[in-house]
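protein18.txt (compact mmCIF, C-alpha atoms and all ligand atoms)
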# COMPACT_ATOMS: atom_id res chain seq x y z
CA GLN A 1 0.00 0.00 0.00
CA ARG A 2 1.12 3.53 -0.78
CA VAL A 3 2.29 5.98 1.86
CA LYS A 4 0.34 9.26 1.80
CA ILE A 5 1.92 11.07 4.75
CA ARG A 6 5.35 10.34 6.18
CA ALA A 7 6.43 11.82 9.51
CA GLN A 8 10.08 11.37 10.43
CA ALA A 9 11.53 12.12 13.85
CA VAL A 10 9.08 14.92 14.55
CA ASN A 11 9.37 17.06 17.68
CA LEU A 12 6.86 19.80 18.46
CA TYR A 13 7.23 22.48 21.10
CA TYR A 14 4.68 24.93 22.50
CA GLY A 15 7.20 27.51 23.68
CA THR A 16 9.52 25.58 25.97
CA PHE A 17 7.08 22.68 26.50
CA GLN A 18 7.72 19.68 24.27
CA ALA A 19 4.37 18.19 23.24
CA LEU A 20 5.63 15.61 20.73
CA ARG A 21 8.88 13.67 20.86
CA ASN A 22 10.49 11.77 18.03
CA VAL A 23 7.29 10.76 16.27
CA THR A 24 7.85 8.64 13.17
CA MET A 25 4.94 7.17 11.25
CA ASP A 26 3.79 6.44 7.70
CA ILE A 27 0.13 7.01 6.99
CA GLN A 28 -1.29 4.79 4.28
CA GLU A 29 -3.27 6.14 1.39
CA CYS A 30 -6.98 5.29 1.24
CA ALA A 31 -7.03 3.79 4.72
CA ILE A 32 -8.31 4.91 8.11
CA THR A 33 -5.63 5.58 10.69
CA ALA A 34 -6.77 6.09 14.28
CA ILE A 35 -4.65 7.97 16.82
CA ILE A 36 -5.53 6.98 20.37
CA GLY A 37 -4.12 7.60 23.83
CA PRO A 38 -4.85 9.34 27.14
CA SER A 39 -6.04 12.92 27.34
CA GLY A 40 -3.23 15.43 26.86
CA CYS A 41 -0.78 13.02 25.22
CA GLY A 42 -0.66 15.04 22.01
CA LYS A 43 -3.21 13.41 19.71
CA SER A 44 -4.70 16.70 18.45
CA THR A 45 -1.26 18.20 18.21
CA LEU A 46 -0.10 15.34 15.99
CA LEU A 47 -3.21 15.50 13.80
CA ARG A 48 -2.86 19.25 13.36
CA LEU A 49 0.68 18.82 12.10
CA PHE A 50 -0.67 17.27 8.93
CA ASN A 51 -2.29 20.46 7.65
CA ARG A 52 -0.28 23.00 9.66
CA MET A 53 -3.26 23.97 11.80
CA ASN A 54 -0.75 24.49 14.60
CA ASP A 55 0.66 27.48 12.70
CA LEU A 56 -2.20 29.44 14.28
CA ILE A 57 -0.67 29.00 17.74
CA PRO A 58 2.09 31.47 18.58
CA GLY A 59 5.35 29.96 19.81
CA VAL A 60 4.96 26.60 18.08
CA ARG A 61 8.16 25.06 16.79
CA VAL A 62 8.37 21.91 14.68
CA GLU A 63 11.48 19.81 14.07
CA GLY A 64 11.83 16.82 11.78
CA LYS A 65 10.28 16.08 8.47
CA ILE A 66 6.70 15.61 7.34
CA LEU A 67 5.88 14.78 3.73
CA LEU A 68 2.55 14.72 1.92
CA ASP A 69 3.32 12.44 -1.00
CA SER A 70 6.74 13.89 -1.75
CA VAL A 71 5.89 17.48 -0.75
CA PRO A 72 7.47 18.71 2.48
CA ILE A 73 4.78 20.14 4.77
CA TYR A 74 7.12 22.18 6.99
CA GLU A 75 9.52 24.05 4.80
CA LYS A 76 9.93 27.73 4.16
CA ASN A 77 8.73 27.43 0.59
CA THR A 78 5.78 25.09 1.31
CA ASP A 79 2.65 26.37 -0.44
CA VAL A 80 0.47 26.38 2.68
CA ALA A 81 -2.74 27.34 0.86
CA ALA A 82 -2.30 24.41 -1.54
CA LEU A 83 -1.55 22.12 1.40
CA LYS A 84 -4.71 23.15 3.23
CA LYS A 85 -6.75 22.46 0.12
CA ARG A 86 -5.32 18.94 -0.06
CA VAL A 87 -5.78 18.20 3.65
CA GLY A 88 -9.23 18.94 5.08
CA MET A 89 -10.22 19.00 8.74
CA VAL A 90 -13.33 18.16 10.75
CA PHE A 91 -13.48 19.15 14.43
CA GLN A 92 -15.15 17.77 17.53
CA LYS A 93 -18.03 20.22 17.58
CA PRO A 94 -19.71 20.92 14.26
CA ASN A 95 -18.23 24.33 13.43
CA ILE A 96 -20.80 25.34 10.86
CA PHE A 97 -20.96 28.97 9.83
CA PRO A 98 -24.04 31.12 10.57
CA MET A 99 -25.19 30.83 6.98
CA SER A 100 -27.46 28.69 4.87
CA VAL A 101 -26.69 25.04 4.15
CA TYR A 102 -25.78 26.08 0.60
CA ASP A 103 -23.41 28.86 1.65
CA ASN A 104 -21.66 26.58 4.14
CA ILE A 105 -20.87 24.07 1.40
CA VAL A 106 -19.77 26.48 -1.30
CA PHE A 107 -17.64 28.55 1.10
CA GLY A 108 -14.43 26.66 0.25
CA PRO A 109 -14.97 26.33 -3.51
CA ARG A 110 -15.79 30.08 -3.71
CA HIS A 111 -12.65 30.84 -1.76
CA HIS A 112 -10.74 28.83 -4.36
CA GLY A 113 -12.17 30.96 -7.14
CA ILE A 114 -15.17 28.99 -8.40
CA LYS A 115 -17.88 31.52 -9.27
CA ARG A 116 -20.37 29.91 -11.67
CA THR A 117 -23.60 29.07 -9.88
CA ALA A 118 -24.16 25.88 -11.87
CA GLU A 119 -20.73 24.62 -10.92
CA LEU A 120 -21.19 25.52 -7.24
CA GLU A 121 -24.57 23.78 -7.22
CA GLY A 122 -23.01 20.69 -8.74
CA ILE A 123 -20.30 20.64 -6.09
CA MET A 124 -22.90 21.12 -3.38
CA GLU A 125 -25.08 18.23 -4.52
CA ARG A 126 -22.08 15.92 -4.96
CA SER A 127 -20.70 16.77 -1.52
CA LEU A 128 -24.04 16.37 0.22
CA ARG A 129 -24.61 13.03 -1.47
CA GLN A 130 -21.16 11.89 -0.31
CA VAL A 131 -22.31 12.31 3.30
CA ALA A 132 -25.83 10.94 2.69
CA LEU A 133 -27.34 14.32 3.49
CA TRP A 134 -28.73 15.35 0.10
CA GLU A 135 -32.15 13.74 0.46
CA GLU A 136 -32.51 15.15 3.97
CA VAL A 137 -31.71 18.77 3.11
CA LYS A 138 -32.39 19.28 -0.59
CA ASP A 139 -35.61 21.19 0.12
CA ASN A 140 -33.96 23.38 2.77
CA LEU A 141 -30.75 24.47 1.11
CA LYS A 142 -31.40 28.16 1.71
CA LYS A 143 -32.35 27.65 5.36
CA PRO A 144 -29.89 28.31 8.19
CA ALA A 145 -27.56 25.37 8.75
CA PHE A 146 -28.15 25.82 12.49
CA ASP A 147 -31.65 24.38 11.94
CA LEU A 148 -30.10 20.95 11.30
CA SER A 149 -29.66 18.36 14.06
CA PRO A 150 -26.16 18.03 15.57
CA GLY A 151 -25.53 14.83 13.61
CA GLN A 152 -26.62 16.49 10.36
CA GLN A 153 -24.46 19.52 11.18
CA GLN A 154 -21.43 17.28 11.58
CA ARG A 155 -22.14 15.56 8.26
CA LEU A 156 -22.47 19.05 6.76
CA CYS A 157 -18.99 19.85 8.08
CA ILE A 158 -17.66 16.70 6.42
CA ALA A 159 -19.40 17.72 3.18
CA ARG A 160 -17.86 21.18 3.46
CA ALA A 161 -14.42 19.60 3.81
CA LEU A 162 -15.10 17.38 0.79
CA ALA A 163 -16.32 20.27 -1.35
CA VAL A 164 -12.78 21.49 -2.04
CA GLU A 165 -11.77 18.00 -3.20
CA PRO A 166 -9.12 17.19 -0.61
CA GLU A 167 -7.02 14.02 -0.62
CA VAL A 168 -6.76 13.66 3.15
CA ILE A 169 -9.42 14.24 5.82
CA LEU A 170 -8.42 14.78 9.44
CA MET A 171 -11.11 14.17 12.06
CA ASP A 172 -10.51 15.30 15.63
CA GLU A 173 -12.94 13.50 17.96
CA SER A 174 -15.58 14.17 15.34
CA CYS A 175 -18.15 11.84 16.88
CA SER A 176 -17.57 12.43 20.56
CA ALA A 177 -20.23 15.16 20.84
CA LEU A 178 -22.84 13.07 19.01
CA ASP A 179 -25.46 10.47 19.94
CA PRO A 180 -24.80 6.79 19.09
CA GLU A 181 -27.00 6.85 15.99
CA SER A 182 -25.28 9.87 14.45
CA THR A 183 -21.94 8.33 15.39
CA MET A 184 -22.86 5.12 13.58
CA LYS A 185 -23.81 7.06 10.45
CA ILE A 186 -20.51 8.90 10.44
CA GLU A 187 -18.54 5.70 10.99
CA GLU A 188 -20.30 4.20 7.99
CA LEU A 189 -19.41 7.31 5.98
CA MET A 190 -15.78 6.99 6.98
CA HIS A 191 -15.72 3.47 5.60
CA ASN A 192 -17.13 4.62 2.27
CA LEU A 193 -14.88 7.68 2.08
CA ALA A 194 -11.77 5.61 2.78
CA GLN A 195 -12.12 4.09 -0.69
CA SER A 196 -11.05 7.41 -2.21
CA TYR A 197 -9.63 9.47 0.67
CA THR A 198 -6.92 9.06 3.26
CA ILE A 199 -8.53 9.45 6.67
CA VAL A 200 -6.81 10.13 9.98
CA ILE A 201 -8.93 10.29 13.12
CA VAL A 202 -8.26 11.14 16.73
CA THR A 203 -10.48 9.32 19.17
CA HIS A 204 -10.37 8.46 22.86
CA ASN A 205 -12.80 5.66 22.12
CA MET A 206 -10.94 2.35 21.72
CA GLU A 207 -14.07 0.59 20.49
CA GLN A 208 -14.47 3.18 17.76
CA ALA A 209 -10.84 2.80 16.74
CA ALA A 210 -11.32 -0.97 16.58
CA ARG A 211 -14.54 -0.62 14.56
CA VAL A 212 -13.37 1.83 11.94
CA SER A 213 -9.62 1.91 11.56
CA ASP A 214 -7.15 -0.06 9.47
CA MET A 215 -4.16 1.17 11.46
CA THR A 216 -3.96 2.24 15.09
CA ALA A 217 -1.36 4.59 16.53
CA PHE A 218 -1.07 4.42 20.34
CA MET A 219 0.36 7.48 22.04
CA MET A 220 1.53 7.92 25.64
CA MET A 221 3.15 10.62 27.70
CA GLU A 222 6.71 10.50 28.95
CA PRO A 223 7.41 11.69 32.53
CA ASP A 224 7.93 15.27 31.27
CA ARG A 225 4.49 15.00 29.53
CA ALA A 226 5.91 14.91 26.00
CA GLY A 227 3.78 12.76 23.73
CA VAL A 228 5.38 9.73 22.09
CA LEU A 229 4.15 7.08 19.70
CA VAL A 230 4.44 3.76 21.53
CA GLU A 231 2.90 1.41 19.01
CA TYR A 232 1.74 1.67 15.44
CA ALA A 233 0.22 -1.40 13.90
CA PRO A 234 -2.69 -2.80 11.91
CA THR A 235 -5.85 -2.55 14.00
CA SER A 236 -6.76 -5.83 15.66
CA GLN A 237 -10.50 -6.28 15.29
P1 LIG B 1 -4.76 15.38 23.27
O1 LIG B 1 -5.37 15.70 21.95
O2 LIG B 1 -4.10 14.04 23.30
O3 LIG B 1 -5.71 15.56 24.42
P2 LIG B 1 -3.28 17.83 22.86
O4 LIG B 1 -2.56 17.64 21.58
O5 LIG B 1 -4.53 18.65 22.85
O6 LIG B 1 -3.56 16.40 23.51
O7 LIG B 1 -2.30 18.47 23.91
C1 LIG B 1 -1.00 17.91 24.18
C2 LIG B 1 -0.30 18.72 25.23
O8 LIG B 1 0.01 20.00 24.69
C3 LIG B 1 -1.14 18.98 26.47
O9 LIG B 1 -0.24 18.98 27.58
C4 LIG B 1 -1.70 20.37 26.25
O10 LIG B 1 -1.96 21.04 27.46
C5 LIG B 1 -0.59 21.02 25.47
N1 LIG B 1 -1.09 22.06 24.56
C6 LIG B 1 -2.02 21.91 23.60
N2 LIG B 1 -2.22 23.07 22.93
C7 LIG B 1 -1.37 23.96 23.49
C8 LIG B 1 -1.10 25.33 23.26
N3 LIG B 1 -1.72 26.01 22.31
N4 LIG B 1 -0.17 25.92 24.04
C9 LIG B 1 0.48 25.24 24.99
N5 LIG B 1 0.27 23.95 25.28
C10 LIG B 1 -0.65 23.31 24.52
P1 LIG B 2 -9.59 19.40 23.08
O1 LIG B 2 -8.95 18.49 24.10
O2 LIG B 2 -11.06 19.27 22.99
O3 LIG B 2 -8.90 19.35 21.75
P2 LIG B 2 -8.55 21.50 24.73
O4 LIG B 2 -9.54 21.98 25.73
O5 LIG B 2 -7.44 20.59 25.12
O6 LIG B 2 -9.40 20.89 23.52
O7 LIG B 2 -7.90 22.75 24.00
C1 LIG B 2 -8.66 23.76 23.43
C2 LIG B 2 -7.71 24.81 22.86
O8 LIG B 2 -6.82 25.28 23.88
C3 LIG B 2 -6.83 24.26 21.74
O9 LIG B 2 -6.71 25.26 20.74
C4 LIG B 2 -5.50 23.99 22.40
O10 LIG B 2 -4.44 24.18 21.48
C5 LIG B 2 -5.46 25.06 23.49
N1 LIG B 2 -4.70 24.56 24.67
C6 LIG B 2 -4.77 23.33 25.22
N2 LIG B 2 -3.93 23.22 26.24
C7 LIG B 2 -3.30 24.43 26.36
C8 LIG B 2 -2.31 24.95 27.23
N3 LIG B 2 -1.75 24.21 28.18
N4 LIG B 2 -1.92 26.22 27.05
C9 LIG B 2 -2.45 26.96 26.07
N5 LIG B 2 -3.39 26.52 25.20
C10 LIG B 2 -3.81 25.28 25.35

So, in terms of structure tokens, how does the structure I just supplied come out?
Amino acid sequence: QRVKIRAQAVNLYYGTFQALRNVTMDIQECAITAIIGPSGCGKSTLLRLFNRMNDLIPGVRVEGKILLDSVPIYEKNTDVAALKKRVGMVFQKPNIFPMSVYDNIVFGPRHHGIKRTAELEGIMERSLRQVALWEEVKDNLKKPAFDLSPGQQQRLCIARALAVEPEVILMDESCSALDPESTMKIEELMHNLAQSYTIVIVTHNMEQAARVSDMTAFMMMEPDRAGVLVEYAPTSQ
């Protein structure tokens, strides 16, 4: 299987605090990789490395190498905008915008310069179908996205990530604020999406990791609280 993301000897510091120590892992293309471990061990920090989300935090320093295909993610000349288009992110709480369902979905494509209404509508329908939301919302596309249920809102966030045609989707505890039924729907989606996308999830739920992932990365904290990868192996079902 092909490697999509390769992290080599990565250290990450928040100021003087080292949050990740010597993390090396290859993430397989078109598979689901789950990162698990105790609270505070650096799971979110590791996930956010893959699309440079951590750039938003002042005082962050990254050492080591991270490649997306053969493109270095942390180099001076990295095209960060292009990187963020290729690597989408879904958070724990559905972070929908205070706009209509339609405007939420076409936000990214518009930002990337797509203007024709017909094209935007095509992207919207495709993305909503990818998350099995089209039938549920097609008559309410101009209504506020806040009217949707939490589970629908989270699927909308996944659709919004898909709308810019990423290659990788990062999901940070994306089911942990949802009821079991919505969680099940999203797990099913992940399975389908993994045929064409590389998916990396953070979860504190071992059962979820066992249900959905192909590979599991176990993290722990060293005595100084730095996060380390202690095991990385095919998920045992
Ligand atoms: P997890 O996702 O496993 O709960 P995090 O990646 O959120 O862990 O956090 C790892 C460690 O880094 C924790 O000790 C946390 O307090 C610290 N940390 C996270 N974000 C910041 C930040 N912006 N500034 C300083 N420390 C941070
Ligand atoms: P979660 O565990 O749900 O990811 P947290 O409550 O750990 O969220 O963190 C929320 C925000 O606060 C994140 O942006 C994280 O980077 C930041 N943060 C976490 N720990 C610290 C810390 N020790 N110092 C500064 N910022 C932190």

Surrounding residues of segment 196-205 of chain A excluding itself and chain neighbours under 5 positions, 6 Å, all atoms listed in the file, as number ranges by chain: A: 29-36, 167-173

Save out the residues we just selected, C-alpha atoms, as a compact mmCIF listing (two decimals), in the frame of the given file.
# COMPACT_ATOMS: atom_id res chain seq x y z
CA GLU A 29 -3.27 6.14 1.39
CA CYS A 30 -6.98 5.29 1.24
CA ALA A 31 -7.03 3.79 4.72
CA ILE A 32 -8.31 4.91 8.11
CA THR A 33 -5.63 5.58 10.69
CA ALA A 34 -6.77 6.09 14.28
CA ILE A 35 -4.65 7.97 16.82
CA ILE A 36 -5.53 6.98 20.37
CA GLU A 167 -7.02 14.02 -0.62
CA VAL A 168 -6.76 13.66 3.15
CA ILE A 169 -9.42 14.24 5.82
CA LEU A 170 -8.42 14.78 9.44
CA MET A 171 -11.11 14.17 12.06
CA ASP A 172 -10.51 15.30 15.63
CA GLU A 173 -12.94 13.50 17.96

Select from chain A every residue with an atom at most 12 Å from any atom of ligand LIG 2 (chain B), then for each give the shortest pair of atoms and their distance in Å to one decimal, using all atoms listed in the file, rows by chain and rising number, as JSON lines.
{"residue": "A:Tyr13", "atom": "CA", "partner": "B:LIG2", "partner_atom": "N4", "distance": 11.5}
{"residue": "A:Tyr14", "atom": "CA", "partner": "B:LIG2", "partner_atom": "N4", "distance": 8.1}
{"residue": "A:Gly15", "atom": "CA", "partner": "B:LIG2", "partner_atom": "N4", "distance": 9.8}
{"residue": "A:Thr16", "atom": "CA", "partner": "B:LIG2", "partner_atom": "N4", "distance": 11.5}
{"residue": "A:Phe17", "atom": "CA", "partner": "B:LIG2", "partner_atom": "N3", "distance": 9.1}
{"residue": "A:Gln18", "atom": "CA", "partner": "B:LIG2", "partner_atom": "N3", "distance": 11.2}
{"residue": "A:Ala19", "atom": "CA", "partner": "B:LIG2", "partner_atom": "N3", "distance": 9.9}
{"residue": "A:Gly37", "atom": "CA", "partner": "B:LIG2", "partner_atom": "O1", "distance": 11.9}
{"residue": "A:Pro38", "atom": "CA", "partner": "B:LIG2", "partner_atom": "O1", "distance": 10.5}
{"residue": "A:Ser39", "atom": "CA", "partner": "B:LIG2", "partner_atom": "O1", "distance": 7.1}
{"residue": "A:Gly40", "atom": "CA", "partner": "B:LIG2", "partner_atom": "O5", "distance": 6.9}
{"residue": "A:Cys41", "atom": "CA", "partner": "B:LIG2", "partner_atom": "O1", "distance": 9.9}
{"residue": "A:Gly42", "atom": "CA", "partner": "B:LIG2", "partner_atom": "O1", "distance": 9.2}
{"residue": "A:Lys43", "atom": "CA", "partner": "B:LIG2", "partner_atom": "O3", "distance": 8.5}
{"residue": "A:Ser44", "atom": "CA", "partner": "B:LIG2", "partner_atom": "O3", "distance": 6.0}
{"residue": "A:Thr45", "atom": "CA", "partner": "B:LIG2", "partner_atom": "O10", "distance": 7.5}
{"residue": "A:Leu46", "atom": "CA", "partner": "B:LIG2", "partner_atom": "O3", "distance": 11.3}
{"residue": "A:Leu47", "atom": "CA", "partner": "B:LIG2", "partner_atom": "O3", "distance": 10.5}
{"residue": "A:Arg48", "atom": "CA", "partner": "B:LIG2", "partner_atom": "O10", "distance": 9.6}
{"residue": "A:Leu49", "atom": "CA", "partner": "B:LIG2", "partner_atom": "O10", "distance": 12.0}
{"residue": "A:Met53", "atom": "CA", "partner": "B:LIG2", "partner_atom": "O9", "distance": 9.7}
{"residue": "A:Asn54", "atom": "CA", "partner": "B:LIG2", "partner_atom": "O10", "distance": 7.8}
{"residue": "A:Asp55", "atom": "CA", "partner": "B:LIG2", "partner_atom": "O10", "distance": 10.7}
{"residue": "A:Leu56", "atom": "CA", "partner": "B:LIG2", "partner_atom": "O9", "distance": 8.9}
{"residue": "A:Ile57", "atom": "CA", "partner": "B:LIG2", "partner_atom": "O10", "distance": 7.2}
{"residue": "A:Pro58", "atom": "CA", "partner": "B:LIG2", "partner_atom": "C9", "distance": 9.9}
{"residue": "A:Gly59", "atom": "CA", "partner": "B:LIG2", "partner_atom": "C9", "distance": 10.4}
{"residue": "A:Val60", "atom": "CA", "partner": "B:LIG2", "partner_atom": "O10", "distance": 10.3}
{"residue": "A:Val90", "atom": "CA", "partner": "B:LIG2", "partner_atom": "O3", "distance": 11.9}
{"residue": "A:Phe91", "atom": "CA", "partner": "B:LIG2", "partner_atom": "O3", "distance": 8.6}
{"residue": "A:Gln92", "atom": "CA", "partner": "B:LIG2", "partner_atom": "O2", "distance": 7.0}
{"residue": "A:Lys93", "atom": "CA", "partner": "B:LIG2", "partner_atom": "O2", "distance": 8.9}
{"residue": "A:Met171", "atom": "CA", "partner": "B:LIG2", "partner_atom": "O3", "distance": 11.2}
{"residue": "A:Asp172", "atom": "CA", "partner": "B:LIG2", "partner_atom": "O3", "distance": 7.5}
{"residue": "A:Glu173", "atom": "CA", "partner": "B:LIG2", "partner_atom": "O2", "distance": 7.9}
{"residue": "A:Ser174", "atom": "CA", "partner": "B:LIG2", "partner_atom": "O2", "distance": 10.2}
{"residue": "A:Cys175", "atom": "CA", "partner": "B:LIG2", "partner_atom": "O2", "distance": 12.0}
{"residue": "A:Ser176", "atom": "CA", "partner": "B:LIG2", "partner_atom": "O2", "distance": 9.8}
{"residue": "A:Ala177", "atom": "CA", "partner": "B:LIG2", "partner_atom": "O2", "distance": 10.3}
{"residue": "A:Val202", "atom": "CA", "partner": "B:LIG2", "partner_atom": "O3", "distance": 9.6}
{"residue": "A:Thr203", "atom": "CA", "partner": "B:LIG2", "partner_atom": "O3", "distance": 10.5}
{"residue": "A:His204", "atom": "CA", "partner": "B:LIG2", "partner_atom": "O1", "distance": 10.2}
{"residue": "A:Arg225", "atom": "CA", "partner": "B:LIG2", "partner_atom": "N3", "distance": 11.2}

Atomic distance atom CA of Lys143 of chain A - atom CA of Arg110 of chain A, expressed in Å with one decimal: 19.0 Å

So that all listed atoms of ligand LIG 1 (chain B) fit with 5 Å spare on each side, what axis-aligned box centre and edge lengths in Å, to one decimal, would you give as lines of an AutoDock Vina configuration file?
center_x = -2.6
center_y = 20.0
center_z = 24.6
size_x = 16.2
size_y = 22.0
size_z = 16.0

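In this model, the gap between atom CA of Ala9 of chain A and atom CA of Asn22 of chain A comes to 4.3 Å.
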
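Atom CA of Ile123 of chain A to atom CA of Asn95 of chain A spans 20.0 Å [interatomic distance, one decimal].
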
Near-Tyr102 of chain A list (9 Å; all atoms listed in the file; drop same-chain fewer than 5 positions) as number ranges by chain: A: 107, 121, 124, 140-145

Residues within 9 Å of Leu133 of chain A, all atoms listed in the file, excluding chain neighbours under 4 positions, as JSON, numbers by chain: {"A": [127, 128, 129, 137, 138, 152, 155, 156, 159]}

Please, could you write that set of residues out with C-alpha atoms as a compact mmCIF listing (two decimals), in the frame of the given file?
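Resulting contents of result37.txt:
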# COMPACT_ATOMS: atom_id res chain seq x y z
CA SER A 127 -20.70 16.77 -1.52
CA LEU A 128 -24.04 16.37 0.22
CA ARG A 129 -24.61 13.03 -1.47
CA VAL A 137 -31.71 18.77 3.11
CA LYS A 138 -32.39 19.28 -0.59
CA GLN A 152 -26.62 16.49 10.36
CA ARG A 155 -22.14 15.56 8.26
CA LEU A 156 -22.47 19.05 6.76
CA ALA A 159 -19.40 17.72 3.18

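You can rank A:Gly113, A:Pro166, A:Gly122, A:Pro150 by their closest distance to Ala82 of chain A using all atoms listed in the file, and at the top of that list sits A:Pro166.
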
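You can rank A:Leu20, A:Glu222, A:Glu135, A:Ser100 by their closest distance to ligand LIG 1 (chain B) using all atoms listed in the file, and at the top of that list sits A:Leu20.
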
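Shortest separation to ligand LIG 1 (chain B) among A:Val164, A:Ser236, A:Arg61, A:Met190 occurs at residue A:Arg61, atoms counted being all atoms listed in the file.
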
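The residue that comes closest to Ser182 of chain A, out of A:Val101, A:Val131, A:Met206, A:Leu162 and on the basis of all atoms listed in the file, is A:Val131.
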
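Nearest to ligand LIG 1 (chain B) of all the residues A:Glu231, A:Pro72, A:Asp103, A:Ala226 is A:Ala226, based on all atoms listed in the file.
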
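With all atoms listed in the file as the atoms that count, the minimum distance from ligand LIG 1 (chain B) to the choices A:Arg86, A:His191, A:Arg21, A:Arg6 is reached by A:Arg21.
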